[in-house]
Amino acid sequence: KNEVEQSPQNLTAQEGEFITINCSYSVGISALHWLQQHPGGGIVSLFMLSSGKKKHGRLIATINIQEKHSSLHITASHPRDSAVYICAAQGGSEKLVFGKGMKLTVNP
Amino acid sequence: NAGVTQTPKFQVLKTGQSMTLQCAQDMNHEYMSWYRQDPGMGLRLIHYSVGAGITDQGEVPNGYNVSRSTTEDFPLRLLSAAPSQTSVYFCASSYRTSPSGANVLTFGAGSRLTVL
């Protein structure tokens, strides 16, 4: 079993829909990272959180430490949100354990 | 401020050839790391460094060599390339928000390597 599991693996949505991407982890963490990888390949850090909730524009990330679960929500989705979304768990060191990513396609 | 610069973006090698993937950052980050990304798998850590002169192995270090002579540079060397090393490689640098805090990550644009 992978230490970091993401679901679903693929998701297709219509523009304007509310989207939730889930991440479960089995390791103790100091932080949970959400990353975005566009079709061009570059990886961008979206959020880093160790508790509660963070919001940036239309993106909201939440984490439940007791349940070892995090979610990334996208409100009013847009075709430019189409990308692979990756969660990664950081333990006590600098090392990260990555999920396999979730490919999101938002159709106009 | 260029962030993390990786070169080359694309490279084709023959089995047995050697090459170096370059990674440079201008943010004075202490921590640098190399990952490979393969279809259907998450990013996997190859080697990492917590500061100049200090390197350590990650999850998949075999066939790769690294050094960290300066804070800015962290090259990844393939001494004798194999087809199994065909992958997309990412360099990342980061800093800790506090001594026990999380790392803030910046990734390079990636290097696509094909070994024939």
# chains A, B, ... in the order shown; residues from 1 in each chain; ligands from 1
>>> closest_atom_pairs(of="chain A", to="chain B", cutoff="6 Å", atoms="only C-alpha atoms", output="Markdown table")
| residue | atom | partner | partner_atom | distance |
| --- | --- | --- | --- | --- |
| A:Ala31 | CA | B:Ala102 | CA | 5.5 |
| A:Gly42 | CA | B:Ala109 | CA | 4.9 |
| A:Phe98 | CA | B:Gly42 | CA | 5.5 |
| A:Gly99 | CA | B:Gly42 | CA | 5.3 |
| A:Lys100 | CA | B:Gly42 | CA | 4.0 |
>>> write_last_selection(atoms="N, CA, C and O atoms", output="short mmCIF file (atom, residue, chain, number, x, y, z; two decimals), in the first residue's frame")
data_model
loop_
_atom_site.label_atom_id
_atom_site.label_comp_id
_atom_site.auth_asym_id
_atom_site.auth_seq_id
_atom_site.Cartn_x
_atom_site.Cartn_y
_atom_site.Cartn_z
N ALA A 31 3.91 18.29 7.46
CA ALA A 31 3.19 19.14 6.51
C ALA A 31 2.68 18.30 5.36
O ALA A 31 3.24 17.24 5.04
N GLY A 42 5.83 21.56 -15.98
CA GLY A 42 6.35 22.23 -14.81
C GLY A 42 5.51 21.97 -13.57
O GLY A 42 4.29 21.77 -13.66
N PHE A 98 5.32 11.21 -2.27
CA PHE A 98 4.35 11.75 -3.21
C PHE A 98 3.26 10.75 -3.54
O PHE A 98 3.49 9.55 -3.64
N GLY A 99 2.06 11.27 -3.74
CA GLY A 99 1.00 10.49 -4.35
C GLY A 99 1.23 10.41 -5.86
O GLY A 99 2.11 11.09 -6.40
N LYS A 100 0.45 9.58 -6.53
CA LYS A 100 0.64 9.39 -7.97
C LYS A 100 0.03 10.51 -8.79
O LYS A 100 0.25 10.60 -9.99
#
>>> residues_around(residues="His38 of chain A", least_positions_apart="2", cutoff="6 Å", atoms="only C-alpha atoms", output="VMD selection string")
chain A and resid 40 to 41 83
>>> atom_distance(atom1="atom CA of Tyr35 of chain B", atom2="atom CA of Val60 of chain B")
8.9 Å
>>> closest_residue(among="A:Thr75, A:Ser7, A:Ser24, A:Ser70", to="Lys53 of chain A", atoms="only C-alpha atoms")
A:Ser70
>>> closest_residue(among="A:Gly101, A:Gly92, A:Gly52, A:Gly28", to="Gln6 of chain A", atoms="only C-alpha atoms")
A:Gly101
>>> residues_around(residues="Ser80 of chain B", least_positions_apart="6", cutoff="10 Å", atoms="only C-alpha atoms", output="PyMOL selection string")
chain B and resi 13-19+63-64
>>> atom_distance(atom1="atom CA of Glu30 of chain B", atom2="atom CA of Ser51 of chain A")
24.9 Å
>>> atom_distance(atom1="atom CA of Val115 of chain B", atom2="atom CA of Thr86 of chain B")
5.3 Å
>>> select_by_dssp(residues="segment 5-90 of chain A", states="strand (DSSP E or B)", output="MDAnalysis selection string")
chainID A and resid 5:7 10:14 19:25 31:37 43:49 52:56 59:64 69:74 83:90
>>> residues_around(residues="Thr20 of chain B", least_positions_apart="3", cutoff="7 Å", atoms="only C-alpha atoms", output="NGL selection string")
:B and (75-78)
>>> write_last_selection(atoms="N, CA and C atoms", output="PDB file, in the first residue's frame")
ATOM      1  N   PRO B  75      24.404  19.089  -9.267  1.00  0.00           N
ATOM      2  CA  PRO B  75      24.327  18.300 -10.495  1.00  0.00           C
ATOM      3  C   PRO B  75      24.052  16.829 -10.219  1.00  0.00           C
ATOM      4  N   LEU B  76      23.354  16.202 -11.165  1.00  0.00           N
ATOM      5  CA  LEU B  76      23.043  14.773 -11.105  1.00  0.00           C
ATOM      6  C   LEU B  76      23.780  14.080 -12.240  1.00  0.00           C
ATOM      7  N   ARG B  77      24.590  13.099 -11.901  1.00  0.00           N
ATOM      8  CA  ARG B  77      25.395  12.412 -12.905  1.00  0.00           C
ATOM      9  C   ARG B  77      24.890  10.997 -13.137  1.00  0.00           C
ATOM     10  N   LEU B  78      24.787  10.657 -14.411  1.00  0.00           N
ATOM     11  CA  LEU B  78      24.536   9.283 -14.807  1.00  0.00           C
ATOM     12  C   LEU B  78      25.850   8.752 -15.367  1.00  0.00           C
TER      13      LEU B  78
END
>>> decode(residues="segment 61-75 of chain B", atoms="all heavy atoms", output="CSV table (one decimal), in the first residue's frame")
chain,number,residue,atom,x,y,z
B,61,PRO,N,18.5,5.6,-5.7
B,61,PRO,CA,19.7,6.2,-6.0
B,61,PRO,C,20.6,5.5,-6.9
B,61,PRO,O,21.6,6.0,-7.5
B,61,PRO,CB,20.4,6.2,-4.6
B,61,PRO,CG,19.9,5.0,-3.9
B,61,PRO,CD,18.4,4.8,-4.4
B,62,ASN,N,20.4,4.2,-7.2
B,62,ASN,CA,21.3,3.4,-8.0
B,62,ASN,C,21.4,3.9,-9.4
B,62,ASN,O,20.4,4.1,-10.1
B,62,ASN,CB,20.8,1.9,-8.0
B,62,ASN,CG,20.9,1.3,-6.6
B,62,ASN,OD1,21.7,1.7,-5.8
B,62,ASN,ND2,20.2,0.2,-6.4
B,63,GLY,N,22.7,4.0,-9.8
B,63,GLY,CA,23.0,4.5,-11.2
B,63,GLY,C,23.1,6.0,-11.3
B,63,GLY,O,23.4,6.5,-12.4
B,64,TYR,N,23.0,6.7,-10.1
B,64,TYR,CA,23.1,8.1,-10.1
B,64,TYR,C,24.1,8.6,-9.1
B,64,TYR,O,24.3,7.9,-8.0
B,64,TYR,CB,21.8,8.8,-9.8
B,64,TYR,CG,20.6,8.4,-10.6
B,64,TYR,CD1,19.8,7.3,-10.2
B,64,TYR,CD2,20.4,9.0,-11.8
B,64,TYR,CE1,18.7,7.0,-11.0
B,64,TYR,CE2,19.3,8.6,-12.6
B,64,TYR,CZ,18.5,7.6,-12.2
B,64,TYR,OH,17.4,7.2,-13.0
B,65,ASN,N,24.8,9.7,-9.4
B,65,ASN,CA,25.7,10.3,-8.5
B,65,ASN,C,25.5,11.8,-8.3
B,65,ASN,O,25.1,12.4,-9.3
B,65,ASN,CB,27.1,10.1,-9.1
B,65,ASN,CG,28.2,9.9,-8.0
B,65,ASN,OD1,27.9,10.2,-6.8
B,65,ASN,ND2,29.4,9.5,-8.4
B,66,VAL,N,25.7,12.3,-7.1
B,66,VAL,CA,25.5,13.7,-6.9
B,66,VAL,C,26.7,14.3,-6.1
B,66,VAL,O,27.4,13.6,-5.5
B,66,VAL,CB,24.2,14.1,-6.2
B,66,VAL,CG1,23.0,13.8,-7.1
B,66,VAL,CG2,24.1,13.4,-4.9
B,67,SER,N,26.8,15.6,-6.2
B,67,SER,CA,27.7,16.3,-5.4
B,67,SER,C,27.1,17.7,-5.1
B,67,SER,O,26.3,18.2,-5.8
B,67,SER,CB,29.1,16.5,-6.0
B,67,SER,OG,29.0,17.2,-7.2
B,68,ARG,N,27.6,18.3,-4.0
B,68,ARG,CA,27.1,19.7,-3.7
B,68,ARG,C,28.3,20.5,-3.1
B,68,ARG,O,28.5,20.6,-2.0
B,68,ARG,CB,26.0,19.6,-2.6
B,68,ARG,CG,25.4,20.9,-2.2
B,68,ARG,CD,24.1,21.1,-3.0
B,68,ARG,NE,23.5,22.4,-2.7
B,68,ARG,CZ,22.5,22.6,-1.7
B,68,ARG,NH1,22.2,21.5,-1.0
B,68,ARG,NH2,22.0,23.7,-1.5
B,69,SER,N,29.0,21.0,-4.1
B,69,SER,CA,30.2,21.8,-3.7
B,69,SER,C,29.8,23.2,-3.4
B,69,SER,O,30.6,23.9,-2.6
B,69,SER,CB,31.2,21.8,-4.8
B,69,SER,OG,30.6,22.3,-6.0
B,70,THR,N,28.7,23.7,-3.8
B,70,THR,CA,28.2,25.1,-3.5
B,70,THR,C,26.8,25.0,-3.1
B,70,THR,O,26.1,24.0,-3.4
B,70,THR,CB,28.4,26.1,-4.7
B,70,THR,OG1,27.5,25.7,-5.7
B,70,THR,CG2,29.8,26.1,-5.2
B,71,THR,N,26.3,26.1,-2.5
B,71,THR,CA,24.9,26.1,-2.1
B,71,THR,C,24.0,26.1,-3.4
B,71,THR,O,22.9,25.6,-3.4
B,71,THR,CB,24.6,27.4,-1.3
B,71,THR,OG1,25.3,27.3,-0.1
B,71,THR,CG2,23.1,27.5,-0.9
B,72,GLU,N,24.5,26.8,-4.4
B,72,GLU,CA,23.7,27.0,-5.6
B,72,GLU,C,23.5,25.8,-6.5
B,72,GLU,O,22.5,25.7,-7.2
B,72,GLU,CB,24.3,28.2,-6.5
B,72,GLU,CG,24.3,29.5,-5.8
B,72,GLU,CD,25.4,29.7,-4.7
B,72,GLU,OE1,26.4,28.9,-4.7
B,72,GLU,OE2,25.3,30.6,-3.9
B,73,ASP,N,24.5,25.0,-6.6
B,73,ASP,CA,24.5,23.9,-7.7
B,73,ASP,C,24.4,22.5,-7.1
B,73,ASP,O,25.0,22.2,-6.1
B,73,ASP,CB,25.8,24.0,-8.5
B,73,ASP,CG,25.9,25.4,-9.2
B,73,ASP,OD1,25.1,25.7,-10.0
B,73,ASP,OD2,26.9,26.1,-8.9
B,74,PHE,N,23.6,21.7,-7.8
B,74,PHE,CA,23.4,20.3,-7.4
B,74,PHE,C,23.3,19.4,-8.6
B,74,PHE,O,22.2,19.1,-9.0
B,74,PHE,CB,22.2,20.2,-6.5
B,74,PHE,CG,22.0,18.9,-5.8
B,74,PHE,CD1,23.1,18.3,-5.1
B,74,PHE,CD2,20.7,18.3,-5.7
B,74,PHE,CE1,22.9,17.1,-4.5
B,74,PHE,CE2,20.6,17.1,-5.1
B,74,PHE,CZ,21.6,16.5,-4.4
B,75,PRO,N,24.4,19.1,-9.3
B,75,PRO,CA,24.3,18.3,-10.5
B,75,PRO,C,24.1,16.8,-10.2
B,75,PRO,O,24.5,16.3,-9.2
B,75,PRO,CB,25.7,18.5,-11.1
B,75,PRO,CG,26.6,18.8,-9.9
B,75,PRO,CD,25.8,19.5,-9.0
